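With mmCIF, C-alpha atoms inside, this is data_35.cif:
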```cif
data_protein
#
loop_
_atom_site.label_atom_id
_atom_site.label_comp_id
_atom_site.auth_asym_id
_atom_site.auth_seq_id
_atom_site.Cartn_x
_atom_site.Cartn_y
_atom_site.Cartn_z
CA MET Y 1 9.61 21.67 -2.49
CA GLU Y 2 11.34 18.42 -1.50
CA THR Y 3 14.72 17.02 -2.31
CA GLN Y 4 15.22 13.32 -2.96
CA ALA Y 5 18.78 13.34 -1.64
CA LYS Y 6 19.65 10.67 0.90
CA THR Y 7 22.06 12.93 2.80
CA TYR Y 8 20.99 15.88 4.96
CA ASP Y 9 22.64 18.38 7.24
CA CYS Y 10 20.16 17.71 10.04
CA GLY Y 11 17.67 14.97 10.84
CA ILE Y 12 14.82 15.43 13.31
CA ILE Y 13 12.93 12.51 14.83
CA GLY Y 14 9.39 13.65 15.65
CA GLY Y 15 7.16 16.33 14.18
CA GLY Y 16 5.80 17.96 17.32
CA LEU Y 17 6.06 21.67 18.03
CA ALA Y 18 9.73 21.66 19.00
CA GLY Y 19 10.79 19.56 16.02
CA LEU Y 20 8.76 21.54 13.47
CA CYS Y 21 9.96 24.89 14.85
CA LEU Y 22 13.58 23.73 14.77
CA ALA Y 23 13.20 22.48 11.19
CA ILE Y 24 11.74 25.79 9.99
CA GLN Y 25 14.50 27.86 11.61
CA LEU Y 26 17.25 25.73 10.11
CA ALA Y 27 15.63 25.69 6.66
CA ASP Y 28 15.42 29.48 6.78
CA ARG Y 29 19.22 29.50 6.96
CA GLY Y 30 19.72 27.18 4.03
CA ILE Y 31 20.37 24.05 6.11
CA SER Y 32 18.96 20.85 4.62
CA VAL Y 33 16.58 19.08 7.02
CA ILE Y 34 14.76 15.76 7.01
CA LEU Y 35 12.00 15.18 9.58
CA PHE Y 36 10.65 11.75 10.48
CA GLU Y 37 7.05 11.62 11.75
CA LYS Y 38 5.27 8.35 12.53
CA ASN Y 39 1.79 9.89 12.03
CA GLN Y 40 0.26 11.93 9.23
CA PHE Y 41 -0.65 15.60 9.63
CA PRO Y 42 -3.07 16.78 10.85
CA PHE Y 43 -3.61 14.74 14.01
CA HIS Y 44 -4.61 15.33 17.62
CA LYS Y 45 -2.31 15.13 20.64
CA VAL Y 46 -2.95 14.98 24.37
CA CYS Y 47 -2.15 18.56 25.31
CA GLY Y 48 -3.68 21.43 27.28
CA GLU Y 49 -3.60 23.66 24.16
CA TYR Y 50 -3.05 26.90 26.11
CA ILE Y 51 0.07 28.74 24.93
CA SER Y 52 1.67 31.57 26.87
CA MET Y 53 1.89 34.90 25.05
CA GLU Y 54 5.67 34.63 25.41
CA SER Y 55 5.57 32.52 22.21
CA TRP Y 56 3.36 34.76 20.07
CA ASP Y 57 6.10 36.76 18.33
CA PHE Y 58 8.25 33.66 17.82
CA ILE Y 59 5.46 31.72 16.11
CA LYS Y 60 4.77 34.69 13.84
CA SER Y 61 8.47 34.86 12.94
CA LEU Y 62 8.20 31.30 11.59
CA GLY Y 63 5.64 32.48 9.05
CA LEU Y 64 2.30 31.75 10.75
CA ASP Y 65 -0.15 34.68 10.68
CA LEU Y 66 -1.78 34.23 14.08
CA GLU Y 67 -3.94 37.35 13.79
CA SER Y 68 -5.77 35.92 10.79
CA LEU Y 69 -6.83 32.88 12.84
CA CYS Y 70 -8.89 35.01 15.30
CA LEU Y 71 -7.74 32.92 18.25
CA PRO Y 72 -9.09 33.39 21.79
CA ILE Y 73 -6.83 35.59 23.93
CA ILE Y 74 -6.88 34.31 27.51
CA ASN Y 75 -6.32 36.68 30.45
CA LYS Y 76 -8.46 35.25 33.26
CA LEU Y 77 -7.69 32.24 35.47
CA GLY Y 78 -9.92 30.23 37.79
CA ILE Y 79 -8.58 27.45 40.03
CA SER Y 80 -10.93 25.26 42.05
CA SER Y 81 -10.54 22.73 44.83
CA GLU Y 82 -12.48 19.48 45.01
CA LYS Y 83 -14.48 21.07 47.83
CA GLY Y 84 -15.77 23.69 45.39
CA PHE Y 85 -13.74 26.78 46.35
CA LEU Y 86 -12.81 28.86 43.28
CA LEU Y 87 -9.80 31.19 43.19
CA GLU Y 88 -10.13 33.98 40.61
CA HIS Y 89 -7.07 35.69 39.17
CA SER Y 90 -6.16 38.02 36.29
CA LEU Y 91 -3.22 36.88 34.17
CA GLN Y 92 -0.64 39.58 33.51
CA MET Y 93 0.92 37.99 30.42
CA GLY Y 94 -1.85 35.57 29.59
CA GLY Y 95 -1.95 33.36 26.58
CA PHE Y 96 -3.99 32.14 23.65
CA GLY Y 97 -5.72 28.93 22.67
CA ILE Y 98 -5.17 26.82 19.57
CA SER Y 99 -5.57 23.08 19.03
CA ARG Y 100 -2.50 21.02 18.25
CA PHE Y 101 -4.50 19.63 15.32
CA SER Y 102 -4.44 23.11 13.75
CA LEU Y 103 -1.10 24.45 14.98
CA ASP Y 104 1.09 21.45 14.14
CA HIS Y 105 -0.55 21.09 10.75
CA ALA Y 106 0.05 24.76 9.91
CA LEU Y 107 3.70 24.54 10.96
CA SER Y 108 4.20 21.33 8.96
CA GLN Y 109 2.93 23.11 5.85
CA ILE Y 110 5.30 26.03 6.47
CA ALA Y 111 8.21 23.65 7.00
CA SER Y 112 7.45 21.73 3.82
CA ALA Y 113 7.13 24.95 1.79
CA LYS Y 114 10.57 26.00 3.03
CA GLY Y 115 12.17 22.80 1.80
CA VAL Y 116 12.08 20.54 4.85
CA HIS Y 117 11.72 16.92 3.71
CA ILE Y 118 8.91 15.59 5.91
CA LEU Y 119 8.43 11.83 5.91
CA GLU Y 120 5.01 10.94 7.31
CA HIS Y 121 3.96 7.45 8.39
CA CYS Y 122 7.66 6.94 8.97
CA ARG Y 123 9.01 5.39 12.16
CA VAL Y 124 12.71 5.46 12.89
CA ASN Y 125 13.73 1.89 13.66
CA GLY Y 126 17.40 2.34 14.45
CA LEU Y 127 20.44 4.54 14.09
CA GLN Y 128 24.19 4.26 13.98
CA ASN Y 129 26.40 7.00 15.39
CA ASN Y 130 29.46 7.37 13.18
CA ASP Y 131 31.00 9.97 15.50
CA ARG Y 132 32.21 12.94 13.43
CA ASP Y 133 30.71 11.52 10.25
CA GLY Y 134 27.17 11.89 11.63
CA PHE Y 135 24.41 9.28 11.84
CA GLU Y 136 22.91 6.62 9.67
CA VAL Y 137 19.17 6.68 10.35
CA LYS Y 138 17.20 3.54 9.54
CA SER Y 139 13.54 4.32 8.93
CA ALA Y 140 10.42 2.64 7.57
CA LEU Y 141 10.95 4.56 4.32
CA GLY Y 142 14.64 3.93 3.86
CA ASN Y 143 18.04 4.78 5.29
CA PHE Y 144 19.39 8.31 5.46
CA HIS Y 145 22.66 9.95 6.45
CA VAL Y 146 22.55 13.09 8.59
CA ASN Y 147 25.35 15.18 10.03
CA ILE Y 148 23.37 16.28 13.11
CA LEU Y 149 20.50 14.33 14.66
CA CYS Y 150 17.86 15.81 16.98
CA GLY Y 151 15.18 14.04 18.99
CA SER Y 152 11.76 15.64 19.33
CA TYR Y 153 9.90 12.36 19.71
CA GLY Y 154 7.80 13.25 22.73
CA LYS Y 155 7.40 11.64 26.12
CA TYR Y 156 8.46 8.11 25.22
CA THR Y 157 12.08 7.21 24.54
CA PRO Y 158 12.41 5.09 21.37
CA GLN Y 159 13.62 1.56 21.96
CA PHE Y 160 16.70 2.06 19.79
CA LEU Y 161 18.04 4.64 22.27
CA PRO Y 162 19.46 3.79 25.70
CA HIS Y 163 16.82 3.14 28.36
CA GLY Y 164 14.15 3.06 25.68
CA MET Y 165 10.63 2.41 26.91
CA PRO Y 166 7.62 1.32 24.87
CA HIS Y 167 5.43 3.93 23.27
CA GLY Y 168 2.14 4.59 25.03
CA MET Y 169 -0.94 3.61 23.08
CA PRO Y 170 -3.05 6.61 22.01
CA HIS Y 171 -6.27 4.92 23.12
CA GLY Y 172 -4.81 2.56 25.72
CA VAL Y 173 -4.62 2.44 29.46
CA PRO Y 174 -1.59 2.21 31.73
CA HIS Y 175 -0.46 -1.20 32.86
CA GLU Y 176 2.19 -0.35 35.45
CA THR Y 177 1.66 -0.02 39.17
CA PRO Y 178 1.79 3.63 40.31
CA GLY Y 179 4.69 4.78 42.39
CA ASP Y 180 4.97 6.67 45.63
CA GLY Y 181 4.25 10.17 44.41
CA SER Y 182 7.82 10.84 43.29
CA GLU Y 183 9.07 11.35 39.75
CA ASN Y 184 8.61 7.59 39.27
CA THR Y 185 4.84 7.86 39.66
CA ASN Y 186 3.01 6.62 36.59
CA TYR Y 187 0.56 9.17 35.16
CA ILE Y 188 -2.05 9.19 32.43
CA GLY Y 189 -3.22 12.15 30.37
CA VAL Y 190 -6.73 12.38 28.91
CA LYS Y 191 -8.05 14.97 26.45
CA TYR Y 192 -11.43 15.83 24.96
CA HIS Y 193 -12.65 18.65 22.77
CA ILE Y 194 -15.97 19.99 23.99
CA LYS Y 195 -18.43 22.77 23.29
CA THR Y 196 -19.40 24.65 26.43
CA ASP Y 197 -20.27 28.07 27.83
CA LEU Y 198 -16.87 28.94 29.33
CA ALA Y 199 -15.84 32.48 28.36
CA PRO Y 200 -13.22 32.54 25.57
CA ASN Y 201 -10.84 34.73 27.60
CA ARG Y 202 -10.78 32.35 30.55
CA ILE Y 203 -8.79 29.24 31.51
CA GLU Y 204 -9.82 27.09 34.46
CA LEU Y 205 -7.87 24.50 36.42
CA HIS Y 206 -9.97 22.12 38.53
CA ASN Y 207 -8.51 19.81 41.14
CA PHE Y 208 -9.62 16.33 42.09
CA LYS Y 209 -8.06 13.39 43.95
CA ASP Y 210 -4.52 12.89 42.59
CA GLY Y 211 -5.06 15.06 39.56
CA TYR Y 212 -6.18 18.27 37.93
CA CYS Y 213 -8.04 19.25 34.76
CA GLY Y 214 -7.67 22.31 32.55
CA VAL Y 215 -10.44 23.79 30.41
CA SER Y 216 -9.97 26.64 27.92
CA LYS Y 217 -11.11 27.85 24.51
CA VAL Y 218 -9.25 26.92 21.32
CA ASP Y 219 -10.06 27.33 17.63
CA GLN Y 220 -12.97 25.73 15.69
CA ASP Y 221 -15.44 26.83 18.40
CA TRP Y 222 -14.00 24.09 20.62
CA HIS Y 223 -12.82 24.06 24.20
CA CYS Y 224 -9.99 21.78 25.24
CA LEU Y 225 -10.65 19.70 28.35
CA CYS Y 226 -7.48 17.89 29.38
CA TYR Y 227 -6.57 16.24 32.67
CA LEU Y 228 -3.65 14.50 34.30
CA THR Y 229 -3.92 11.89 37.03
CA THR Y 230 -2.11 8.88 38.42
CA SER Y 231 -2.76 5.47 36.95
CA ARG Y 232 -3.88 4.36 40.41
CA ASN Y 233 -7.14 6.25 39.92
CA LEU Y 234 -7.79 4.36 36.71
CA LEU Y 235 -6.78 0.98 38.07
CA GLU Y 236 -9.07 1.44 41.08
CA ASN Y 237 -11.95 2.00 38.65
CA GLY Y 238 -11.44 -1.16 36.63
CA LYS Y 239 -9.42 0.62 33.91
CA ASP Y 240 -12.66 2.30 32.86
CA ILE Y 241 -12.14 5.97 31.92
CA GLN Y 242 -15.81 6.94 32.25
CA ALA Y 243 -16.15 5.18 35.61
CA MET Y 244 -13.10 7.02 36.91
CA GLU Y 245 -14.49 10.34 35.71
CA ALA Y 246 -17.85 9.69 37.39
CA ASN Y 247 -16.36 8.40 40.65
CA VAL Y 248 -13.38 10.75 41.00
CA LEU Y 249 -13.52 13.84 38.78
CA HIS Y 250 -17.24 14.49 39.34
CA ARG Y 251 -16.56 15.08 43.04
CA ASN Y 252 -15.42 18.53 41.94
CA PRO Y 253 -18.70 20.36 41.17
CA PHE Y 254 -17.13 22.41 38.38
CA LEU Y 255 -15.90 19.30 36.60
CA LYS Y 256 -19.23 17.60 37.08
CA HIS Y 257 -20.82 20.59 35.31
CA TYR Y 258 -18.57 20.21 32.27
CA PHE Y 259 -18.81 16.44 32.05
CA THR Y 260 -22.59 16.37 32.35
CA ARG Y 261 -23.60 19.51 30.43
CA ALA Y 262 -20.99 20.09 27.73
CA GLU Y 263 -21.28 18.75 24.19
CA PHE Y 264 -18.40 16.37 23.50
CA VAL Y 265 -17.07 16.70 19.95
CA ASN Y 266 -15.82 13.10 20.12
CA PRO Y 267 -17.28 10.80 22.78
CA LYS Y 268 -14.03 8.86 23.19
CA PRO Y 269 -11.04 10.72 24.61
CA LEU Y 270 -7.45 10.68 23.46
CA VAL Y 271 -5.37 8.97 26.16
CA ILE Y 272 -1.66 8.64 26.83
CA SER Y 273 -0.30 6.29 29.45
CA ASN Y 274 2.97 5.57 31.22
CA VAL Y 275 3.83 9.26 31.61
CA HIS Y 276 6.70 9.96 33.99
CA PHE Y 277 8.16 13.33 34.93
CA SER Y 278 11.78 12.35 34.74
CA LYS Y 279 15.12 14.08 35.06
CA LYS Y 280 15.96 16.33 32.14
CA GLN Y 281 18.79 15.89 29.64
CA THR Y 282 19.67 17.78 26.47
CA GLN Y 283 21.67 15.07 24.73
CA THR Y 284 21.90 11.28 24.63
CA GLU Y 285 24.30 9.22 22.51
CA GLY Y 286 25.10 12.31 20.46
CA VAL Y 287 21.43 13.08 19.72
CA PHE Y 288 20.31 16.59 20.73
CA LEU Y 289 16.98 16.50 22.62
CA LEU Y 290 14.25 19.09 22.86
CA GLY Y 291 10.61 19.27 23.88
CA ASP Y 292 9.30 16.40 25.97
CA ALA Y 293 12.11 14.21 24.63
CA ALA Y 294 14.42 16.17 26.92
CA GLY Y 295 12.30 14.94 29.84
CA SER Y 296 8.55 15.19 30.37
CA ILE Y 297 7.74 18.44 32.15
CA THR Y 298 4.93 18.68 34.67
CA PRO Y 299 2.19 21.00 33.35
CA LEU Y 300 2.54 23.17 36.44
CA CYS Y 301 6.04 24.14 35.32
CA GLY Y 302 4.20 26.65 33.18
CA ASN Y 303 3.73 25.95 29.53
CA GLY Y 304 5.35 22.92 27.96
CA MET Y 305 4.55 24.09 24.44
CA SER Y 306 6.25 27.45 24.93
CA MET Y 307 9.20 25.75 26.59
CA GLY Y 308 9.56 23.34 23.68
CA MET Y 309 9.45 26.18 21.16
CA ARG Y 310 11.95 28.25 23.15
CA ALA Y 311 14.28 25.24 23.30
CA SER Y 312 14.06 24.98 19.51
CA LYS Y 313 15.17 28.59 19.19
CA ILE Y 314 18.10 28.02 21.54
CA LEU Y 315 19.23 24.87 19.75
CA ALA Y 316 18.71 26.39 16.28
CA GLY Y 317 21.03 29.25 17.16
CA GLU Y 318 23.75 26.89 18.29
CA LEU Y 319 23.38 24.57 15.30
CA ILE Y 320 23.49 27.48 12.85
CA GLY Y 321 26.84 28.43 14.41
CA TYR Y 322 28.03 24.86 13.91
CA PHE Y 323 26.99 24.72 10.25
CA GLN Y 324 28.72 28.05 9.70
CA LYS Y 325 31.86 26.36 11.08
CA LYS Y 326 32.00 28.74 14.03
CA GLN Y 327 31.93 26.00 16.70
CA THR Y 328 32.26 22.26 17.19
CA LYS Y 329 29.55 19.73 18.05
CA GLU Y 330 31.03 19.55 21.54
CA ALA Y 331 30.65 23.29 21.93
CA VAL Y 332 27.06 23.10 20.68
CA ALA Y 333 26.28 20.45 23.30
CA ALA Y 334 27.84 22.45 26.15
CA ARG Y 335 26.30 25.78 25.18
CA TYR Y 336 22.86 24.26 24.55
CA LYS Y 337 22.80 22.57 27.95
CA LYS Y 338 23.84 25.76 29.74
CA ALA Y 339 21.28 27.86 27.90
CA TRP Y 340 18.56 25.23 28.50
CA ASP Y 341 19.26 25.22 32.24
CA ASN Y 342 19.25 29.02 32.39
CA ALA Y 343 15.97 29.26 30.48
CA PHE Y 344 14.00 26.56 32.27
CA GLY Y 345 15.64 25.72 35.60
CA ARG Y 346 13.56 28.14 37.66
CA ARG Y 347 10.31 27.19 35.97
CA ILE Y 348 10.86 23.49 36.47
CA THR Y 349 11.71 23.96 40.15
CA ALA Y 350 8.63 26.15 40.68
CA GLY Y 351 6.47 23.62 38.88
CA TYR Y 352 7.53 20.72 41.06
CA TYR Y 353 6.77 22.72 44.21
CA LEU Y 354 3.37 23.75 42.84
CA GLN Y 355 2.67 20.15 41.87
CA GLY Y 356 2.73 19.27 45.56
CA LEU Y 357 -0.15 21.66 46.25
CA PHE Y 358 -2.48 20.24 43.61
CA GLY Y 359 -4.68 17.16 43.53
CA LYS Y 360 -5.20 16.97 47.31
CA ARG Y 361 -8.63 17.54 48.81
CA ILE Y 362 -7.64 19.43 51.98
CA THR Y 363 -4.19 20.83 51.11
CA THR Y 364 -5.34 22.26 47.78
CA ASP Y 365 -8.43 23.84 49.32
CA LEU Y 366 -6.40 25.51 52.08
CA ALA Y 367 -3.75 26.70 49.62
CA LEU Y 368 -6.33 28.28 47.31
CA ARG Y 369 -8.17 29.99 50.17
CA THR Y 370 -4.86 31.41 51.41
CA LEU Y 371 -3.80 32.62 47.97
CA ASP Y 372 -7.20 34.25 47.53
CA LYS Y 373 -6.31 36.58 50.40
CA PHE Y 374 -2.90 37.45 48.95
CA PRO Y 375 -3.30 38.29 45.24
CA ALA Y 376 0.27 39.61 45.01
CA LEU Y 377 1.57 36.20 46.07
CA THR Y 378 -0.70 34.49 43.55
CA ASN Y 379 0.63 36.77 40.84
CA LYS Y 380 4.21 35.94 41.84
CA LEU Y 381 3.57 32.19 41.66
CA VAL Y 382 1.92 32.50 38.26
CA SER Y 383 4.82 34.60 36.96
CA LEU Y 384 7.27 31.88 37.97
CA THR Y 385 5.62 29.55 35.45
CA HIS Y 386 5.88 32.00 32.53
CA GLY Y 387 8.94 33.23 30.69
CA ASP Y 388 9.72 36.47 28.88
CA ARG Y 389 8.75 36.95 25.25
CA PHE Y 390 11.29 35.46 22.87
#
```
Write-out of the structure in structure tokens:
Amino acid sequence: METQAKTYDCGIIGGGLAGLCLAIQLADRGISVILFEKNQFPFHKVCGEYISMESWDFIKSLGLDLESLCLPIINKLGISSEKGFLLEHSLQMGGFGISRFSLDHALSQIASAKGVHILEHCRVNGLQNNDRDGFEVKSALGNFHVNILCGSYGKYTPQFLPHGMPHGMPHGVPHETPGDGSENTNYIGVKYHIKTDLAPNRIELHNFKDGYCGVSKVDQDWHCLCYLTTSRNLLENGKDIQAMEANVLHRNPFLKHYFTRAEFVNPKPLVISNVHFSKKQTQTEGVFLLGDAAGSITPLCGNGMSMGMRASKILAGELIGYFQKKQTKEAVAARYKKAWDNAFGRRITAGYYLQGLFGKRITTDLALRTLDKFPALTNKLVSLTHGDRF
């Protein structure tokens, strides 16, 4: 059920996991929500598609019956070095696999059924902050007034916000020169869906020069194969994805196996470019941020999808208090930032340290061989990248 009103309690820019989850939680409390999405559901996203079990109960609370989907439950981990050493580990919490194509679509249907006004094929072109009177949002489908505005627009800051940068092209290649290995380094992400013989309860992470690739089972009898690397690798291979895969990724024998023997559902990958792992913030110009919009999070921080969903729960709780006139916008901003830091600070720090061990031929191999001898240490490192159930 949709309302045609031009005024809403809350507007959300971006229909990714964090935005959809926030919309559903607010709608459940009778708060009117409009969500702006530039694409049309369902659609694919560059994403590892492994979700920590910490999110299972939360997703069910939104109204999605996960048991009925018969999803793969993942409790085994394999990590390889480019030299071919494979570390085996059992995951205590583990996770499950589901494609973003299926998950986001299901959540969008739940949100719509609960009264969220979802505008698809609708880019936000500008906004005006009227301080305590809220925002005027200018979109491709008209102008709307919202009291609270939230940004869940992904890794790229829209140009109408401060320090906006251009959106990456879904099938493009990066055009900037890579940095020095710091947070300013320019990364690309590449994803395929494949059909292969990897066990459904297993996730593998395979290292190669300046990058790593995850493989795990999702729904539809697919496996997700998704990797992250610096744009330097692509530039050095003539901006040719397949040439880079053959010359760089295939040096890892496990990756060569998947690339040469798996059945690729779509021969062309989904690619995002100009990815930077930048400093995090929870608000800009009065807009509350969540998910990757709050700052792209390195995959080794744990699970970006679970972190985005947890952030939506934190922010929803604070916004519900605001709409119930129990606190001010300023209090929401302060409490949300504190809760965000408490929830994710340790994971982000651990992820950046782990990032330094991956994607290096010698260092990664030595680290994995050492961890293989100390399973308790391996378990501790893995636990740092997972949160408690919420």
*Provide the atom CA of Y:Asn266 to atom CA of Y:Gly304 distance in Å, to one decimal place.*
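Atom-to-atom, atom CA of Y:Asn266 to atom CA of Y:Gly304, that is 24.6 Å.
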*What lies within 8 Å of stretch 320-326 of chain Y using only C-alpha atoms, ignoring chain neighbours under 4 positions off, as a VMD selection string?*
chain Y and resid 26 29 31 316 332
*Between Y:Ala27, Y:Arg389, Y:His89, Y:His193, which has the minimum distance to Y:Leu377 (counting only C-alpha atoms)?*
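Checking each of Y:Ala27, Y:Arg389, Y:His89, Y:His193 against Y:Leu377, counting only C-alpha atoms, the winner is Y:His89.
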*Which of these, Y:Val275, Y:Ile74, Y:Val287, Y:Ala23, has the shortest distance to Y:Gly154 once you count all atoms listed in the file?*
Y:Val275
_Point-to-point distance in Å for atom CA of Y:Leu149 and atom CA of Y:Asp341_ =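 For atom CA of Y:Asp341 relative to atom CA of Y:Leu149, the distance reads 20.7 Å.
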*Which neighbours of Y:Gly359 fall inside 6 Å, counting only C-alpha atoms, when residues of the same chain fewer than 6 positions from it are skipped, and could you give them as number ranges by chain?*
Y: 207-212
Taking only residues of stretch 55-164 of chain Y that have an atom at most 10 Å from an atom of stretch 217-234 of chain Y, what is each one's shortest atom pair and its distance in Å to one decimal, using all atoms listed in the file, in chain and number order, as a Markdown table?
```
| residue | atom | partner | partner_atom | distance |
| --- | --- | --- | --- | --- |
| Y:Leu69 | CA | Y:Asp219 | CA | 8.0 |
| Y:Cys70 | CA | Y:Asp219 | CA | 8.1 |
| Y:Leu71 | CA | Y:Asp219 | CA | 6.1 |
| Y:Pro72 | CA | Y:Val218 | CA | 6.5 |
| Y:Ile73 | CA | Y:Lys217 | CA | 8.9 |
| Y:Ile74 | CA | Y:Lys217 | CA | 8.3 |
| Y:Phe96 | CA | Y:Val218 | CA | 7.8 |
| Y:Gly97 | CA | Y:Val218 | CA | 4.3 |
| Y:Ile98 | CA | Y:Val218 | CA | 4.4 |
| Y:Ser99 | CA | Y:Val218 | CA | 5.8 |
| Y:Arg100 | CA | Y:Val218 | CA | 9.5 |
| Y:Phe101 | CA | Y:Asp219 | CA | 9.8 |
| Y:Ser102 | CA | Y:Asp219 | CA | 8.0 |
| Y:Leu103 | CA | Y:Asp219 | CA | 9.8 |
```
*What do you get, as a PyMOL selection string, if you spell out every residue that the PyMOL selection byres ((chain Y and resi 147) around 9) selects here?*
chain Y and resi 7-11+132-136+145-146+148-149
_Test item: residues at most 8 Å from stretch 249-254 of chain Y, all atoms listed in the file, excluding those fewer than 3 positions along its chain, as a PyMOL selection string_ = chain Y and resi 80-84+206-209+244-246+257-259
*Result set of the PyMOL selection byres ((chain Y and resi 384) around 12) on the coordinates above, as a list of chain:residue names*: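 Checking the PyMOL selection byres ((chain Y and resi 384) around 12) against this file, the residues are Y:Gln92, Y:Met93, Y:Leu300, Y:Cys301, Y:Gly302, Y:Asn303, Y:Ala343, Y:Phe344, Y:Gly345, Y:Arg346, Y:Arg347, Y:Ile348, Y:Thr349, Y:Ala350, Y:Gly351, Y:Tyr352, Y:Tyr353, Y:Leu354, Y:Leu377, Y:Thr378, Y:Asn379, Y:Lys380, Y:Leu381, Y:Val382, Y:Ser383, Y:Thr385, Y:His386, Y:Gly387, Y:Asp388.
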_For a test of reading the model, state the distance in Å between atom CA of Y:Asn129 and atom CA of Y:Tyr336, rounded to one decimal._
19.9 Å
*Taking the file as shown, what set of residues would the PyMOL selection byres ((chain Y and resi 34-47) around 9) give back, as a count of residues only?*
52
*Of the candidates Y:Cys21, Y:Cys150, Y:Ile362, Y:Leu91, which shows the shortest atom-to-atom distance to Y:Gly286, using all atoms listed in the file?*
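So, comparing all the options, the nearest one is Y:Cys150.
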*Closest of Y:Lys373, Y:Lys337, Y:Lys155, Y:Lys76 to Y:Val215 - atom-to-atom distances counting all atoms listed in the file*: Y:Lys76
Provide an axis-aligned box for all listed atoms of stretch 97-104 of chain Y, padding each side by 3 Å; report its centre and its edge lengths in Å to one decimal, as JSON.
```
{"center_x": -2.3, "center_y": 24.3, "center_z": 18.2, "size_x": 12.8, "size_y": 15.3, "size_z": 14.9}
```
_Within 10 Å of (-11.3, 33.7, 36.6) (file coordinates; all atoms listed in the file), which protein or nucleic acid residues are there? I'd like them as JSON, numbers by chain._
{"Y": [75, 76, 77, 78, 79, 86, 87, 88, 89, 90, 91, 199, 201, 202, 203, 204, 205]}
_I'd like to know which of Y:Asn143, Y:Lys329, Y:Met53, Y:Gln128 is closest to Y:Leu66, using all atoms listed in the file._
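Under the stated criterion, the closest residue is Y:Met53.
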For Y:Ile110, find every residue with an atom within 8 Å (counting all atoms listed in the file), except residues of its own chain fewer than 2 positions away, and show them as a PDB file with C-alpha atoms, keeping the file's coordinate frame.
```pdb
ATOM      1  CA  ILE Y  24      11.740  25.790   9.990  1.00  0.00           C
ATOM      2  CA  LEU Y  62       8.200  31.300  11.590  1.00  0.00           C
ATOM      3  CA  GLY Y  63       5.640  32.480   9.050  1.00  0.00           C
ATOM      4  CA  LEU Y  64       2.300  31.750  10.750  1.00  0.00           C
ATOM      5  CA  ALA Y 106       0.050  24.760   9.910  1.00  0.00           C
ATOM      6  CA  LEU Y 107       3.700  24.540  10.960  1.00  0.00           C
ATOM      7  CA  SER Y 108       4.200  21.330   8.960  1.00  0.00           C
ATOM      8  CA  SER Y 112       7.450  21.730   3.820  1.00  0.00           C
ATOM      9  CA  ALA Y 113       7.130  24.950   1.790  1.00  0.00           C
ATOM     10  CA  LYS Y 114      10.570  26.000   3.030  1.00  0.00           C
TER      11      LYS Y 114
END
```
